[in-house]
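One file, my_file-v4.txt, carrying compact mmCIF, C-alpha atoms and all ligand atoms:
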```
# COMPACT_ATOMS: atom_id res chain seq x y z
CA MET G 5 154.58 78.68 113.76
CA GLY G 6 151.58 80.97 113.02
CA PRO G 7 151.55 84.76 112.49
CA THR G 8 153.60 86.78 115.01
CA LEU G 9 153.14 90.18 116.63
CA ALA G 10 155.20 92.91 114.92
CA HIS G 11 158.38 93.68 116.92
CA SER G 12 157.99 90.42 118.85
CA VAL G 13 158.95 87.58 116.53
CA ASP G 14 158.67 84.98 119.29
CA LEU G 15 154.99 85.51 119.99
CA ASP G 16 152.77 83.11 118.05
CA LEU G 17 149.46 84.95 117.76
CA PHE G 18 147.31 81.83 117.42
CA ASP G 19 148.84 80.32 120.57
CA GLU G 20 148.60 83.57 122.50
CA ILE G 21 145.00 84.21 121.49
CA ASN G 22 144.02 80.66 122.49
CA ARG G 23 145.83 81.07 125.81
CA LEU G 24 144.10 84.39 126.54
CA LYS G 25 140.70 82.95 125.59
CA LYS G 26 141.07 80.23 128.24
CA GLU G 27 142.62 82.51 130.86
CA LYS G 28 139.87 85.13 130.53
CA ASN G 29 136.93 82.85 129.71
CA ALA G 30 136.57 84.78 126.47
CA VAL G 31 134.79 83.95 123.23
CA ILE G 32 135.57 85.24 119.75
CA LEU G 33 132.60 85.82 117.46
CA ALA G 34 133.51 86.64 113.87
CA HIS G 35 131.59 87.64 110.75
CA TYR G 36 132.27 85.95 107.41
CA TYR G 37 133.82 89.15 106.06
CA GLN G 38 136.73 88.95 108.48
CA GLU G 39 140.17 87.99 107.18
CA PRO G 40 140.76 84.20 107.06
CA ASP G 41 143.07 84.07 110.13
CA ILE G 42 140.40 85.73 112.28
CA GLN G 43 137.71 83.34 111.02
CA ASP G 44 140.03 80.42 111.80
CA ILE G 45 140.75 81.49 115.40
CA ALA G 46 137.09 82.38 116.12
CA ASP G 47 134.84 80.19 118.26
CA PHE G 48 131.88 81.02 116.07
CA VAL G 49 131.62 82.43 112.54
CA GLY G 50 128.23 83.42 111.14
CA ASP G 51 125.91 85.91 109.50
CA SER G 52 124.38 88.78 111.46
CA LEU G 53 121.41 86.81 112.78
CA GLU G 54 123.49 83.83 113.85
CA LEU G 55 126.03 86.12 115.51
CA ALA G 56 123.29 87.98 117.41
CA ARG G 57 121.97 84.64 118.69
CA ALA G 58 125.48 83.47 119.60
CA ALA G 59 126.10 86.72 121.50
CA GLN G 60 122.83 86.41 123.40
CA ARG G 61 123.46 82.85 124.58
CA SER G 62 127.16 83.36 125.39
CA GLN G 63 128.26 82.50 128.93
CA ALA G 64 131.74 83.95 128.40
CA ASP G 65 132.94 86.78 130.64
CA LEU G 66 134.45 88.57 127.67
CA ILE G 67 133.06 88.68 124.13
CA LEU G 68 135.50 89.75 121.44
CA PHE G 69 133.42 90.74 118.44
CA ALA G 70 135.38 90.58 115.20
CA GLY G 71 133.00 92.40 112.91
CA VAL G 72 131.77 95.97 112.66
CA HIS G 73 130.53 98.35 115.34
CA PHE G 74 126.77 97.78 115.01
CA MET G 75 127.35 94.04 115.46
CA ALA G 76 129.39 94.48 118.64
CA GLU G 77 126.82 96.99 119.91
CA GLY G 78 124.12 94.37 119.26
CA ALA G 79 126.08 91.82 121.32
CA LYS G 80 126.23 94.27 124.23
CA ILE G 81 122.50 95.05 123.96
CA LEU G 82 121.62 91.34 123.95
CA ASN G 83 124.03 90.34 126.72
CA PRO G 84 124.68 93.44 128.84
CA SER G 85 126.35 91.69 131.76
CA ARG G 86 129.28 90.65 129.51
CA LYS G 87 132.18 92.86 128.59
CA VAL G 88 132.28 93.35 124.79
CA VAL G 89 135.44 94.43 122.99
CA MET G 90 136.31 94.93 119.33
CA PRO G 91 139.67 94.74 117.57
CA ASP G 92 139.20 98.23 116.11
CA LEU G 93 136.54 100.67 117.25
CA ARG G 94 136.71 102.50 113.90
CA ALA G 95 135.22 99.49 112.09
CA GLY G 96 131.91 101.12 111.14
CA CYS G 97 129.48 100.51 108.26
CA SER G 98 128.39 102.81 105.43
CA LEU G 99 124.78 101.71 105.84
CA SER G 100 124.78 102.47 109.52
CA ASP G 101 126.48 105.84 108.91
CA SER G 102 123.91 106.75 106.24
CA CYS G 103 121.19 106.99 108.88
CA PRO G 104 121.87 109.67 111.51
CA PRO G 105 119.43 109.46 114.47
CA GLY G 106 118.24 113.11 114.29
CA ALA G 107 117.45 113.01 110.57
CA PHE G 108 115.78 109.63 111.00
CA ALA G 109 113.56 110.93 113.83
CA ARG G 110 112.37 113.79 111.55
CA PHE G 111 111.74 111.35 108.67
CA LYS G 112 109.84 108.97 110.92
CA ALA G 113 107.69 111.81 112.32
CA LYS G 114 106.18 112.29 108.84
CA TYR G 115 104.61 108.81 109.01
CA PRO G 116 103.30 108.48 112.57
CA ASP G 117 101.17 105.37 111.90
CA HIS G 118 103.89 103.38 110.19
CA TRP G 119 105.80 100.46 111.63
CA VAL G 120 109.53 101.00 111.58
CA VAL G 121 111.51 97.97 110.40
CA SER G 122 115.26 98.55 110.60
CA TYR G 123 117.95 96.38 109.10
CA ILE G 124 120.38 95.32 111.84
CA ASN G 125 123.10 97.35 110.04
CA CYS G 126 122.22 100.49 112.01
CA SER G 127 123.28 102.15 115.25
CA ALA G 128 121.71 101.50 118.65
CA ALA G 129 120.12 104.97 118.36
CA ILE G 130 118.26 103.88 115.20
CA LYS G 131 117.34 100.52 116.73
CA ALA G 132 115.88 102.44 119.67
CA GLN G 133 113.56 104.27 117.24
CA SER G 134 112.41 101.06 115.54
CA ASP G 135 109.55 98.63 116.16
CA VAL G 136 111.42 95.58 114.92
CA ILE G 137 114.86 94.77 113.54
CA CYS G 138 115.62 92.38 110.69
CA THR G 139 118.68 90.88 109.06
CA SER G 140 119.23 89.82 105.48
CA SER G 141 118.21 86.28 106.42
CA ASN G 142 114.85 87.05 108.03
CA ALA G 143 113.74 90.38 106.48
CA ILE G 144 110.94 88.84 104.40
CA LYS G 145 109.62 86.82 107.35
CA ILE G 146 109.67 89.89 109.63
CA VAL G 147 107.89 92.17 107.15
CA GLU G 148 105.24 89.50 106.53
CA LYS G 149 104.35 89.61 110.25
CA ILE G 150 103.39 93.29 110.18
CA PRO G 151 99.61 93.88 110.11
CA LEU G 152 98.39 94.47 106.55
CA ASP G 153 96.60 97.68 107.48
CA ARG G 154 99.80 99.35 108.67
CA GLY G 155 102.33 101.22 106.54
CA ILE G 156 106.02 100.34 106.83
CA ILE G 157 109.16 102.44 106.98
CA PHE G 158 112.24 100.39 106.11
CA ALA G 159 115.73 101.66 106.99
CA PRO G 160 118.56 102.09 106.24
CA ASP G 161 119.22 99.90 103.15
CA ARG G 162 117.16 100.89 100.11
CA ASN G 163 118.29 97.82 98.12
CA LEU G 164 117.30 95.26 100.75
CA GLY G 165 114.12 97.31 101.31
CA ALA G 166 113.21 97.26 97.60
CA TYR G 167 113.91 93.51 97.43
CA VAL G 168 111.69 92.79 100.45
CA ALA G 169 108.93 95.08 99.12
CA LYS G 170 108.98 93.14 95.84
CA LYS G 171 108.93 89.75 97.56
CA THR G 172 106.18 90.57 100.05
CA GLY G 173 104.11 92.91 97.88
CA ARG G 174 104.10 95.42 100.76
CA ASP G 175 104.34 99.13 100.14
CA MET G 176 107.35 100.41 102.03
CA ILE G 177 108.85 103.84 102.52
CA LEU G 178 112.58 103.39 102.13
CA TRP G 179 115.43 105.26 103.79
CA GLN G 180 117.96 105.83 100.99
CA GLY G 181 121.08 104.18 102.45
CA THR G 182 123.40 101.80 100.60
CA CYS G 183 126.42 99.62 101.27
CA ILE G 184 129.58 100.91 99.60
CA VAL G 185 130.73 97.35 98.88
CA HIS G 186 127.56 95.88 97.40
CA GLU G 187 126.85 98.85 95.16
CA THR G 188 130.24 98.59 93.41
CA PHE G 189 129.53 95.42 91.44
CA SER G 190 129.49 95.97 87.71
CA GLU G 191 126.38 94.59 86.05
CA ARG G 192 128.08 94.83 82.63
CA LYS G 193 131.10 92.80 83.77
CA ILE G 194 128.83 90.25 85.44
CA ILE G 195 126.89 89.80 82.18
CA GLU G 196 130.22 89.27 80.38
CA LEU G 197 131.23 86.70 83.02
CA LYS G 198 127.91 84.87 82.64
CA ILE G 199 128.49 84.67 78.89
CA GLN G 200 132.02 83.31 79.45
CA HIS G 201 130.75 80.85 82.10
CA PRO G 202 127.24 79.76 81.07
CA ASP G 203 127.40 76.93 83.63
CA ALA G 204 127.94 79.36 86.55
CA GLN G 205 125.19 80.55 88.88
CA LEU G 206 125.12 84.18 90.00
CA ILE G 207 124.55 84.29 93.76
CA ALA G 208 124.06 87.66 95.42
CA HIS G 209 123.54 89.37 98.75
CA PRO G 210 120.30 91.41 98.91
CA GLU G 211 122.30 94.60 99.60
CA CYS G 212 123.19 94.57 95.87
CA GLU G 213 121.39 96.92 93.49
CA PRO G 214 117.98 95.81 92.08
CA SER G 215 119.29 95.48 88.49
CA LEU G 216 121.90 92.98 89.70
CA LEU G 217 119.42 91.13 91.93
CA ASP G 218 117.10 90.76 88.93
CA ARG G 219 119.84 88.74 87.21
CA ALA G 220 120.76 86.64 90.27
CA ASP G 221 119.93 82.92 90.43
CA VAL G 222 120.07 82.90 94.23
CA ILE G 223 119.72 85.79 96.71
CA GLY G 224 120.52 85.40 100.38
CA SER G 225 122.45 86.31 103.50
CA THR G 226 126.11 85.33 103.76
CA SER G 227 125.15 82.08 105.53
CA ALA G 228 122.45 81.29 102.97
CA LEU G 229 124.91 81.82 100.10
CA LEU G 230 127.47 79.61 101.83
CA SER G 231 124.90 76.82 102.42
CA HIS G 232 123.82 77.05 98.80
CA VAL G 233 127.38 76.65 97.48
CA ILE G 234 127.88 73.63 99.77
CA SER G 235 124.63 71.83 98.95
CA SER G 236 124.00 72.73 95.31
CA PRO G 237 124.95 70.24 92.56
CA ILE G 238 126.17 73.28 90.54
CA GLN G 239 129.96 73.48 90.41
CA LYS G 240 130.60 77.14 89.48
CA PHE G 241 129.40 80.36 91.12
CA ILE G 242 129.81 84.10 90.52
CA ILE G 243 129.65 85.58 94.01
CA ALA G 244 128.24 89.07 94.48
CA THR G 245 129.08 89.84 98.08
CA GLU G 246 132.16 90.71 100.14
CA GLU G 247 135.04 88.41 99.28
CA GLY G 248 135.66 87.29 102.90
CA ILE G 249 132.90 84.69 102.48
CA LEU G 250 135.07 82.85 99.96
CA HIS G 251 137.26 81.55 102.78
CA GLN G 252 134.48 79.35 104.19
CA MET G 253 133.24 78.44 100.71
CA LYS G 254 136.72 77.17 99.77
CA LYS G 255 136.98 75.25 103.06
CA LYS G 256 133.50 73.74 103.01
CA ALA G 257 133.04 73.23 99.27
CA PRO G 258 136.53 72.38 98.02
CA GLY G 259 136.69 71.74 94.31
CA LYS G 260 133.91 74.18 93.42
CA THR G 261 134.86 77.14 91.21
CA LEU G 262 134.23 80.47 92.93
CA ILE G 263 134.41 83.66 90.87
CA PRO G 264 134.19 86.94 92.85
CA ALA G 265 131.86 89.42 91.10
CA PRO G 266 133.98 92.20 89.58
CA PRO G 267 133.69 95.82 90.76
CA ASN G 268 132.72 98.61 88.34
CA HIS G 269 136.08 100.38 88.23
CA ALA G 270 139.68 99.51 88.90
CA CYS G 271 139.92 101.50 92.16
CA ALA G 272 136.93 99.77 93.77
CA CYS G 273 137.09 96.32 95.28
CA ASN G 274 134.73 93.88 96.90
CA GLU G 275 136.44 94.09 100.29
CA CYS G 276 134.64 95.93 103.07
CA PRO G 277 137.18 98.54 104.27
CA PHE G 278 135.51 98.61 107.71
CA MET G 279 135.58 94.84 108.26
CA LYS G 280 139.17 94.74 107.07
CA LEU G 281 140.31 97.24 109.75
CA ASN G 282 140.35 94.24 112.09
CA THR G 283 143.56 92.21 112.03
CA LEU G 284 144.77 89.18 113.97
CA GLU G 285 147.23 91.41 115.80
CA LYS G 286 144.41 93.73 116.90
CA VAL G 287 142.39 90.68 118.03
CA TYR G 288 145.30 89.68 120.24
CA LEU G 289 145.73 93.18 121.67
CA ALA G 290 142.00 93.61 122.31
CA LEU G 291 141.90 90.31 124.20
CA ARG G 292 145.04 91.09 126.15
CA ASP G 293 144.08 94.67 127.10
CA GLU G 294 140.27 94.19 127.10
CA THR G 295 139.90 97.33 125.06
CA PRO G 296 138.42 99.04 123.07
CA GLU G 297 135.19 98.28 124.89
CA VAL G 298 131.75 98.73 123.35
CA ASP G 299 129.14 100.14 125.70
CA MET G 300 126.28 102.63 125.75
CA PRO G 301 123.93 104.36 128.21
CA ILE G 302 121.46 101.97 129.88
CA GLU G 303 118.35 103.81 128.61
CA LEU G 304 119.57 103.53 125.02
CA ARG G 305 120.49 99.90 125.48
CA GLU G 306 117.09 99.05 126.93
CA LYS G 307 115.20 100.88 124.16
CA ALA G 308 117.29 99.16 121.49
CA LEU G 309 116.77 95.72 123.08
CA LYS G 310 112.99 95.69 122.54
CA PRO G 311 113.00 95.63 118.69
CA LEU G 312 116.00 93.29 118.63
CA GLN G 313 114.23 90.86 120.95
CA THR G 314 111.06 91.13 118.83
CA MET G 315 113.14 90.10 115.82
CA LEU G 316 114.60 87.10 117.65
CA ASP G 317 111.14 86.04 118.88
CA TRP G 318 109.62 86.42 115.39
CA SER G 319 112.36 84.55 113.60
CA LEU G 320 112.44 81.39 115.68
P1 LIG B 1 124.79 89.05 106.66
O1 LIG B 1 123.86 89.16 107.81
O2 LIG B 1 124.17 88.48 105.44
O3 LIG B 1 126.02 88.31 107.07
O4 LIG B 1 125.22 90.53 106.21
C1 LIG B 1 125.99 91.38 106.98
C2 LIG B 1 126.52 92.50 106.19
O5 LIG B 1 127.03 93.46 106.69
C3 LIG B 1 126.41 92.42 104.77
O6 LIG B 1 127.09 93.46 104.20
FE1 LIG B 2 128.42 97.69 106.13
FE2 LIG B 2 128.63 97.03 103.57
FE3 LIG B 2 130.67 96.59 105.18
FE4 LIG B 2 128.43 95.10 105.40
S1 LIG B 2 129.85 95.16 103.68
S2 LIG B 2 129.57 96.02 107.08
S3 LIG B 2 126.88 96.64 104.90
S4 LIG B 2 129.81 98.60 104.62
```
Can the structure in the file be given as structure tokens, please?
Amino acid sequence: MGPTLAHSVDLDLFDEINRLKKEKNAVILAHYYQEPDIQDIADFVGDSLELARAAQRSQADLILFAGVHFMAEGAKILNPSRKVVMPDLRAGCSLSDSCPPGAFARFKAKYPDHWVVSYINCSAAIKAQSDVICTSSNAIKIVEKIPLDRGIIFAPDRNLGAYVAKKTGRDMILWQGTCIVHETFSERKIIELKIQHPDAQLIAHPECEPSLLDRADVIGSTSALLSHVISSPIQKFIIATEEGILHQMKKKAPGKTLIPAPPNHACACNECPFMKLNTLEKVYLALRDETPEVDMPIELREKALKPLQTMLDWSL
């Protein structure tokens, strides 16, 4: 028997979730940072770009998005005729929260001729103020498409922005947001680990700080890091991203040694507290009750769709 609902020992959550999925023609989309049980019950697990594409093409009547709020909002924007629910509406994102729409509008007004490229980790209100969206897997490709005679504002992640600026050689004005998970990795402890394990590769998400990225052997989105671990002949990896990705790495590359990058102090950890608000029990309840629902005013949704669609068109 699988996990059960508290106070109801007879209810097998895996069975119940599968039953509800069929009954309601529902689909579960989950990000790699979700707890293993949620990844295992999901119909599709992916990085932000893959999840956005999966949401757009979904024919399900109900989309349960097991991720954070901006991701579920993106699913609604891309597929507005579907009902979108989340396990826990409080699952936000520090990057998204770092960029309030009013302050961003004032910042943007200082550079009227600039293109606005926003990382998908932002609210619909920021997307609506952007010319094009990007994810960690297509950011370089997107920035390279912007005319050379135009300046670029990049928001909200300053680390991804600095990485893309370095890779493309483009001058970019960066909004100073960061991810609370990716900025906790200790460069000193990673250097110590690399000395202890000279045969290990350091693989990192581009939300990490520049000093860590400079030491990384491979930099990529969650899906890119997973693919690398699967296909590389290397057997040992130090992984500088949220630890949820290790579930798929262990499943798809059994036998490889996976060392989570250590945080800089004992109280920090490499778990995203927002992603981890979602539990299997909340997935079940959200499917059963079709709440909490993610929705927004039509005008906002339509404004936010344009830059998201531009991203999807440019990253084919
Ligand atoms: P990916 O698109 O690489 O999965 O990143 C999502 C995210 O929130 C990273 O912190
Ligand atoms: Fe946001 Fe960081 Fe959590 Fe990703 S890991 S959802 S960027 S807070």
Point-to-point distance from atom CA of G:Ile195 to atom CA of G:Ile207, Å rounded to tenths
13.0 Å
Hey, could you make a per-residue contact list for chain G against ligand LIG 2 (chain B) with 8 Å as the cut-off, showing the nearest pair of atoms and its distance in Å to one decimal, counting only C-alpha atoms and all ligand atoms, sorted by chain and number, as a Markdown table?
```
| residue | atom | partner | partner_atom | distance |
| --- | --- | --- | --- | --- |
| G:Tyr37 | CA | B:LIG2 | S1 | 7.6 |
| G:Gly71 | CA | B:LIG2 | S2 | 7.7 |
| G:Val72 | CA | B:LIG2 | S2 | 6.0 |
| G:Gly96 | CA | B:LIG2 | S2 | 6.9 |
| G:Cys97 | CA | B:LIG2 | FE1 | 3.7 |
| G:Ser98 | CA | B:LIG2 | S4 | 4.5 |
| G:Leu99 | CA | B:LIG2 | FE1 | 5.4 |
| G:Ser100 | CA | B:LIG2 | FE1 | 6.9 |
| G:Asn125 | CA | B:LIG2 | S3 | 6.4 |
| G:Thr182 | CA | B:LIG2 | S3 | 7.6 |
| G:Cys183 | CA | B:LIG2 | FE2 | 4.1 |
| G:Ile184 | CA | B:LIG2 | S4 | 5.5 |
| G:Val185 | CA | B:LIG2 | FE2 | 5.1 |
| G:His186 | CA | B:LIG2 | FE2 | 6.4 |
| G:Glu211 | CA | B:LIG2 | S3 | 7.3 |
| G:Thr245 | CA | B:LIG2 | S1 | 7.8 |
| G:Glu246 | CA | B:LIG2 | S1 | 6.1 |
| G:Glu275 | CA | B:LIG2 | S1 | 7.5 |
| G:Cys276 | CA | B:LIG2 | FE3 | 4.5 |
| G:Pro277 | CA | B:LIG2 | FE3 | 6.9 |
| G:Phe278 | CA | B:LIG2 | FE3 | 5.8 |
| G:Met279 | CA | B:LIG2 | FE3 | 6.1 |
```
May I have a table of the residues of chain G lying at most 7 Å from ligand LIG 1 (chain B), giving each one's closest pair of atoms and their distance in Å to one decimal, counting only C-alpha atoms and all ligand atoms, ordered by chain and ascending residue number, as CSV?
```
residue,atom,partner,partner_atom,distance
G:His35,CA,B:LIG1,O3,6.7
G:Tyr36,CA,B:LIG1,O3,6.7
G:Gly50,CA,B:LIG1,O3,6.7
G:Asp51,CA,B:LIG1,O3,3.4
G:Ser52,CA,B:LIG1,O1,3.7
G:Leu53,CA,B:LIG1,O1,6.0
G:Asn125,CA,B:LIG1,O5,6.5
G:Thr139,CA,B:LIG1,O1,5.6
G:Ser140,CA,B:LIG1,O2,5.1
G:Ser141,CA,B:LIG1,O2,6.4
G:Cys183,CA,B:LIG1,O6,6.9
G:His209,CA,B:LIG1,O2,6.8
G:Glu211,CA,B:LIG1,O6,6.7
G:Gly224,CA,B:LIG1,O2,7.0
G:Ser225,CA,B:LIG1,O2,3.4
G:Thr226,CA,B:LIG1,O2,4.1
G:Ser227,CA,B:LIG1,O2,6.5
```
Interatomic distance, atom CA of G:Ile144 to atom CA of G:Thr172 (Å, one decimal):
6.7 Å
Nearest residue to G:Ala169 out of G:Pro214, G:Phe241, G:Ile194, G:Gly181, using all atoms listed in the file?
G:Pro214
Of the listed residues G:His232, G:Arg94, G:Lys131, G:Lys286, that which approaches G:Arg305 most closely, counting only C-alpha atoms:
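Looking only at the distances to G:Arg305, the closest residue turns out to be G:Lys131.
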Neighbour list for G:Leu217 as number ranges by chain, cut-off 10 Å, all atoms listed in the file, skip fewer than 6 positions in-chain
G: 163-164, 167, 191, 206-211, 223, 244
Which one is closest to G:Gly78: G:Ser190, G:Gln313, G:Pro7, G:Lys170? Count all atoms listed in the file.
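Using all atoms listed in the file, G:Gly78 sits closest to G:Gln313.
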Nearby residues, (137.0, 77.9, 99.0) file frame, 12 Å, all atoms listed in the file, as a PyMOL selection string
chain G and resi 40+230+233-234+239-241+243+247-264
Can you list, as a PDB file with C-alpha atoms, keeping the file's coordinate frame, every protein, DNA or RNA residue that comes within 8 Å of G:Gln205 when you count only C-alpha atoms, leaving out same-chain residues fewer than 4 positions away?
```pdb
ATOM      1  CA  ALA G 220     120.760  86.640  90.270  1.00  0.00           C
ATOM      2  CA  ASP G 221     119.930  82.920  90.430  1.00  0.00           C
ATOM      3  CA  VAL G 222     120.070  82.900  94.230  1.00  0.00           C
ATOM      4  CA  ILE G 238     126.170  73.280  90.540  1.00  0.00           C
ATOM      5  CA  LYS G 240     130.600  77.140  89.480  1.00  0.00           C
ATOM      6  CA  PHE G 241     129.400  80.360  91.120  1.00  0.00           C
ATOM      7  CA  ILE G 242     129.810  84.100  90.520  1.00  0.00           C
TER       8      ILE G 242
END
```
The residue from G:Val120, G:Val298, G:Ala46, G:Leu281 with the smallest atom-to-atom distance to G:Pro84, counting all atoms listed in the file, is G:Val298
If you take every atom of stretch 147-162 of chain G that the file lists and fit an axis-aligned box around them with 6 Å extra on each side, what centre and edge lengths come out in Å to one decimal, as lines of an AutoDock Vina configuration file?
```
center_x = 107.9
center_y = 96.0
center_z = 105.2
size_x = 34.6
size_y = 24.9
size_z = 22.1
```
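The space between atom CA of G:Val287 and atom CA of G:Leu33 spans 10.9 Å.
With only C-alpha atoms as the basis for measurement, G:Ala129 is the residue among G:Ala129, G:Ile124, G:Ala143, G:Leu197 that approaches G:Ala109 most closely.
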Surrounding residues of G:Met176 excluding itself and chain neighbours under 4 positions, 9 Å, all atoms listed in the file, as a short mmCIF file (atom, residue, chain, number, x, y, z; two decimals) with C-alpha atoms, in the frame of the given file:
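Final output, around-v1.cif:
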```cif
data_model
loop_
_atom_site.label_atom_id
_atom_site.label_comp_id
_atom_site.auth_asym_id
_atom_site.auth_seq_id
_atom_site.Cartn_x
_atom_site.Cartn_y
_atom_site.Cartn_z
CA GLY G 155 102.33 101.22 106.54
CA ILE G 156 106.02 100.34 106.83
CA ILE G 157 109.16 102.44 106.98
CA PHE G 158 112.24 100.39 106.11
CA GLY G 165 114.12 97.31 101.31
CA ALA G 166 113.21 97.26 97.60
CA VAL G 168 111.69 92.79 100.45
CA ALA G 169 108.93 95.08 99.12
#
```
If we count only C-alpha atoms, what is near G:Asp317 at a cut-off of 12 Å, once residues fewer than 3 positions away on the same chain are taken out, given as a list of chain:residue names?
G:Leu53, G:Arg57, G:Val136, G:Ile137, G:Cys138, G:Asn142, G:Lys145, G:Ile146, G:Lys149, G:Leu309, G:Lys310, G:Pro311, G:Leu312, G:Gln313, G:Thr314, G:Leu320
Could you write out the selected residues, including C-alpha atoms, as a PDB file, keeping the file's coordinate frame?
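Result saved to selection_29.pdb:
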```
ATOM      1  CA  LEU G  53     121.410  86.810 112.780  1.00  0.00           C
ATOM      2  CA  ARG G  57     121.970  84.640 118.690  1.00  0.00           C
ATOM      3  CA  VAL G 136     111.420  95.580 114.920  1.00  0.00           C
ATOM      4  CA  ILE G 137     114.860  94.770 113.540  1.00  0.00           C
ATOM      5  CA  CYS G 138     115.620  92.380 110.690  1.00  0.00           C
ATOM      6  CA  ASN G 142     114.850  87.050 108.030  1.00  0.00           C
ATOM      7  CA  LYS G 145     109.620  86.820 107.350  1.00  0.00           C
ATOM      8  CA  ILE G 146     109.670  89.890 109.630  1.00  0.00           C
ATOM      9  CA  LYS G 149     104.350  89.610 110.250  1.00  0.00           C
ATOM     10  CA  LEU G 309     116.770  95.720 123.080  1.00  0.00           C
ATOM     11  CA  LYS G 310     112.990  95.690 122.540  1.00  0.00           C
ATOM     12  CA  PRO G 311     113.000  95.630 118.690  1.00  0.00           C
ATOM     13  CA  LEU G 312     116.000  93.290 118.630  1.00  0.00           C
ATOM     14  CA  GLN G 313     114.230  90.860 120.950  1.00  0.00           C
ATOM     15  CA  THR G 314     111.060  91.130 118.830  1.00  0.00           C
ATOM     16  CA  LEU G 320     112.440  81.390 115.680  1.00  0.00           C
TER      17      LEU G 320
END
```
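Nearest to G:Gln133 of all the residues G:Thr295, G:Pro104, G:Arg154, G:Asp41 is G:Pro104, based on only C-alpha atoms.
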Quick one: residues within 12 Å of G:Phe108, all atoms listed in the file counted, chain neighbours fewer than 2 positions away excluded, as a PyMOL selection string?
chain G and resi 100-106+110-115+120+122+126-127+129-134+157-160+178-181
How would the residues just picked look written out with C-alpha atoms as a PDB file, in the frame of the given file?
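What follows is the written file result-v3.pdb:
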```pdb
ATOM      1  CA  SER G 100     124.780 102.470 109.520  1.00  0.00           C
ATOM      2  CA  ASP G 101     126.480 105.840 108.910  1.00  0.00           C
ATOM      3  CA  SER G 102     123.910 106.750 106.240  1.00  0.00           C
ATOM      4  CA  CYS G 103     121.190 106.990 108.880  1.00  0.00           C
ATOM      5  CA  PRO G 104     121.870 109.670 111.510  1.00  0.00           C
ATOM      6  CA  PRO G 105     119.430 109.460 114.470  1.00  0.00           C
ATOM      7  CA  GLY G 106     118.240 113.110 114.290  1.00  0.00           C
ATOM      8  CA  ARG G 110     112.370 113.790 111.550  1.00  0.00           C
ATOM      9  CA  PHE G 111     111.740 111.350 108.670  1.00  0.00           C
ATOM     10  CA  LYS G 112     109.840 108.970 110.920  1.00  0.00           C
ATOM     11  CA  ALA G 113     107.690 111.810 112.320  1.00  0.00           C
ATOM     12  CA  LYS G 114     106.180 112.290 108.840  1.00  0.00           C
ATOM     13  CA  TYR G 115     104.610 108.810 109.010  1.00  0.00           C
ATOM     14  CA  VAL G 120     109.530 101.000 111.580  1.00  0.00           C
ATOM     15  CA  SER G 122     115.260  98.550 110.600  1.00  0.00           C
ATOM     16  CA  CYS G 126     122.220 100.490 112.010  1.00  0.00           C
ATOM     17  CA  SER G 127     123.280 102.150 115.250  1.00  0.00           C
ATOM     18  CA  ALA G 129     120.120 104.970 118.360  1.00  0.00           C
ATOM     19  CA  ILE G 130     118.260 103.880 115.200  1.00  0.00           C
ATOM     20  CA  LYS G 131     117.340 100.520 116.730  1.00  0.00           C
ATOM     21  CA  ALA G 132     115.880 102.440 119.670  1.00  0.00           C
ATOM     22  CA  GLN G 133     113.560 104.270 117.240  1.00  0.00           C
ATOM     23  CA  SER G 134     112.410 101.060 115.540  1.00  0.00           C
ATOM     24  CA  ILE G 157     109.160 102.440 106.980  1.00  0.00           C
ATOM     25  CA  PHE G 158     112.240 100.390 106.110  1.00  0.00           C
ATOM     26  CA  ALA G 159     115.730 101.660 106.990  1.00  0.00           C
ATOM     27  CA  PRO G 160     118.560 102.090 106.240  1.00  0.00           C
ATOM     28  CA  LEU G 178     112.580 103.390 102.130  1.00  0.00           C
ATOM     29  CA  TRP G 179     115.430 105.260 103.790  1.00  0.00           C
ATOM     30  CA  GLN G 180     117.960 105.830 100.990  1.00  0.00           C
ATOM     31  CA  GLY G 181     121.080 104.180 102.450  1.00  0.00           C
TER      32      GLY G 181
END
```
Subset file: stretch 163-168 of chain G, N, CA, C and O atoms, as an mmCIF file, in the first residue's frame:
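Once written, part.cif looks like this:
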```
data_model
loop_
_atom_site.group_PDB
_atom_site.id
_atom_site.type_symbol
_atom_site.label_atom_id
_atom_site.label_comp_id
_atom_site.auth_asym_id
_atom_site.auth_seq_id
_atom_site.Cartn_x
_atom_site.Cartn_y
_atom_site.Cartn_z
ATOM 1 N N ASN G 163 21.942 36.573 -11.334
ATOM 2 C CA ASN G 163 22.983 35.566 -11.611
ATOM 3 C C ASN G 163 22.816 34.971 -13.011
ATOM 4 O O ASN G 163 23.776 34.884 -13.770
ATOM 5 N N LEU G 164 21.582 34.605 -13.344
ATOM 6 C CA LEU G 164 21.331 34.106 -14.702
ATOM 7 C C LEU G 164 21.639 35.232 -15.704
ATOM 8 O O LEU G 164 22.259 34.992 -16.754
ATOM 9 N N GLY G 165 21.241 36.453 -15.361
ATOM 10 C CA GLY G 165 21.485 37.601 -16.246
ATOM 11 C C GLY G 165 22.978 37.787 -16.504
ATOM 12 O O GLY G 165 23.416 37.952 -17.652
ATOM 13 N N ALA G 166 23.782 37.732 -15.425
ATOM 14 C CA ALA G 166 25.237 37.934 -15.581
ATOM 15 C C ALA G 166 25.838 36.803 -16.420
ATOM 16 O O ALA G 166 26.723 37.030 -17.259
ATOM 17 N N TYR G 167 25.326 35.585 -16.221
ATOM 18 C CA TYR G 167 25.834 34.426 -16.984
ATOM 19 C C TYR G 167 25.526 34.596 -18.476
ATOM 20 O O TYR G 167 26.387 34.405 -19.345
ATOM 21 N N VAL G 168 24.290 35.022 -18.769
ATOM 22 C CA VAL G 168 23.886 35.187 -20.173
ATOM 23 C C VAL G 168 24.661 36.353 -20.814
ATOM 24 O O VAL G 168 25.101 36.269 -21.969
#
```
